[in-house]
Amino acid sequence: MTSIAAILDHGLHNRPGDAALLFQGRHFTWSALAEASTLLAALIGEALPRWAAIGILLPNRPEFAVALFAAARNNGTAVLLDPRAGAAEVERILADCRVEALVTTPSLLEPLRGLEQRCADLRAVILAGDADSPGALAFSKLPGQVKEAAGPAPERSGAHAICQYTSGVSGYPKIIRRSSDQLLEEIDGFTEAIGLTARDRVCTIPPLHHSYGLMTGLLSPLHAGAELLLRDGFVPGPVLETLASGVTVFIGVPYFYQLFLRTHLDTHPDLSNVRVALSAGAPLDADTATGCRERFGMHIRPLYGLTETGVVSVNRSGAEGDGVGRPIRGMAVELVDSQGHPVPDGTAGEIVLTSSAAAAEYFHLPEASRETFRDGRFCTGDLGRRDTGGNLHITGRIKTLINISGKKVDPGEVEQALSSHPRVRDVAVLGCPHPSFGEAVKVVLVTDGLVERMEITRFCRERLAAHKVPSIIEFVEQLPRSATGKVLKKELIHNGG
């Protein structure tokens, strides 16, 4: 295939009446998805120029896929937004990426009232639902709104097929842009690594706006012609029932597997069809891996990847000793010391990646780009080692970012937000170990008078994405500091951590 948009055309040509996607008991055929995407592409094309940036602010639902493919069909850029992001963050992204149309739901649009007046480039809002809103176009009424469906998928897509935000390896949220060719290269490498075919049934729960859910849980299954079972939210019992219904590939994270083990079941689910159970976003602990193998017969395969590069490596065997496995095809991994010199196998070093599937820079951030994108290589800031079998093992991080199930949080961004609170005099934000999510965001505050924890939580929720909101809040008389005035954060980890 030569473009992301061609994925639906290929399925339409070969299996028009077969189910491509299942969601909440409803079956969506290849024909239905292709028709919806061409209608939406035509609707957008009537109002906007080709190559326009299309914002997608949606939870896991079929309309996400339709909007993504519609943007690709118009040679546009799909700007993927976190549905849990605060209004200020959404507006900043829309402005940064000069988004001209936004696809969202009525409930997510509600906190953004007046958005089109505040975002100079935004010209259309399209709702995934039946409810109307002033100035919005109802997604469900597309057939009556479009004069003529869009044409076939372009032979080559535009310069940037998707635009995602990441805290990456060095601080404040940054824009990553990747082309259709880069996405297709990652898809091919990942598909080959796990042997994904049209005979598979793939269950996807991680959010589609995130690179892990998007690439392994949406685009790769559809590219392979597999049947996709999409879920919005995780409840262990029903998910286990879904897995027992013939699912062959499960896109998971460590927390899902931990909850599986804590769930009481009246009957033992037969998961013998699950040949690939992936885990990414945070380290998978040995007890969870062993427990799932003994109780459910699942050999979990850890995966390592980043928004900037896509999937880096996959554990092919399910053996715990193989770490996050070998690099996928097209991904070169180097391990280097602090001077940039290669280290021998078995020795920890910084993970440096080279792949034509990787992004080339952070958009509008030349200094951050120079720091991490060097001579065609991406310096991850992660530490790892390679064993004699070529498998990669993640051992830590160089950077100080907080890792919440694979989502990075810059402490400085949270500190900046809290510093604007009228009663906060001093603040320190740090990561504390968390048994399920890898780390939790902890804030230690010095305030003028009594401030309730709920007030701090509410204040953060209005300004930050949900995963950046502190889950541990502590009040102190003063922060411990060094002689040079630096906050000694290591002294703050123990309480509540």
# chains A, B, ... in the order shown; residues from 1 in each chain; ligands from 1
call {"tool": "residues_around", "arguments": {"residues": "range 67-72 of chain A", "least_positions_apart": "4", "cutoff": "6 Å", "atoms": "only C-alpha atoms", "output": "ChimeraX atom specification"}}
result
/A:5,37,40-41,63,76,78
call {"tool": "atom_distance", "arguments": {"atom1": "CA of Gly381 in chain A", "atom2": "CA of Glu350 in chain A"}}
result
6.1 Å
call {"tool": "closest_residue", "arguments": {"among": "A:Met298, A:Tyr212, A:Pro207, A:Leu12", "to": "Ala244 in chain A", "atoms": "only C-alpha atoms"}}
result
A:Met298
call {"tool": "residues_around", "arguments": {"residues": "Glu227 in chain A", "least_positions_apart": "6", "cutoff": "8 Å", "atoms": "only C-alpha atoms", "output": "number ranges by chain"}}
result
A: 19-22, 198-202, 221
call {"tool": "closest_residue", "arguments": {"among": "A:His341, A:Arg61, A:Arg374, A:His223", "to": "His10 in chain A", "atoms": "only C-alpha atoms"}}
result
A:His223
call {"tool": "residues_around", "arguments": {"residues": "Glu91 in chain A", "least_positions_apart": "2", "cutoff": "9 Å", "atoms": "only C-alpha atoms", "output": "JSON, numbers by chain"}}
result
{"A": [86, 87, 88, 89, 93, 94, 95, 96, 112, 115, 118, 119]}
call {"tool": "residues_around", "arguments": {"residues": "Leu392 in chain A", "least_positions_apart": "4", "cutoff": "8 Å", "atoms": "only C-alpha atoms", "output": "PyMOL selection string"}}
result
chain A and resi 313+322-327+384-387
call {"tool": "closest_residue", "arguments": {"among": "A:Ala52, A:Ala159, A:Leu230, A:Cys432", "to": "Ser3 in chain A", "atoms": "only C-alpha atoms"}}
result
A:Ala159
call {"tool": "closest_residue", "arguments": {"among": "A:Glu439, A:Pro366, A:Val487, A:Leu418", "to": "Ile175 in chain A", "atoms": "only C-alpha atoms"}}
result
A:Pro366
call {"tool": "atom_distance", "arguments": {"atom1": "CA of Ala466 in chain A", "atom2": "CA of Val444 in chain A"}}
result
18.4 Å
call {"tool": "residues_around", "arguments": {"residues": "His421 in chain A", "least_positions_apart": "4", "cutoff": "9 Å", "atoms": "only C-alpha atoms", "output": "VMD selection string"}}
result
chain A and resid 417 425 456 459
call {"tool": "residues_around", "arguments": {"residues": "Pro206 in chain A", "least_positions_apart": "5", "cutoff": "10 Å", "atoms": "only C-alpha atoms", "output": "PyMOL selection string"}}
result
chain A and resi 60+211-214+216-217+230-234+251-253+256+280-281
call {"tool": "closest_residue", "arguments": {"among": "A:Gln117, A:Asn315, A:Thr29, A:Ser436", "to": "Asn14 in chain A", "atoms": "only C-alpha atoms"}}
result
A:Thr29
call {"tool": "closest_residue", "arguments": {"among": "A:Arg423, A:Arg458, A:Lys468, A:Arg293", "to": "Leu445 in chain A", "atoms": "only C-alpha atoms"}}
result
A:Arg423
call {"tool": "select_by_dssp", "arguments": {"residues": "range 223-339 of chain A", "states": "strand (DSSP E or B)", "output": "count of residues only"}}
result
31
call {"tool": "atom_distance", "arguments": {"atom1": "CA of Gln164 in chain A", "atom2": "CA of Leu208 in chain A"}}
result
11.1 Å
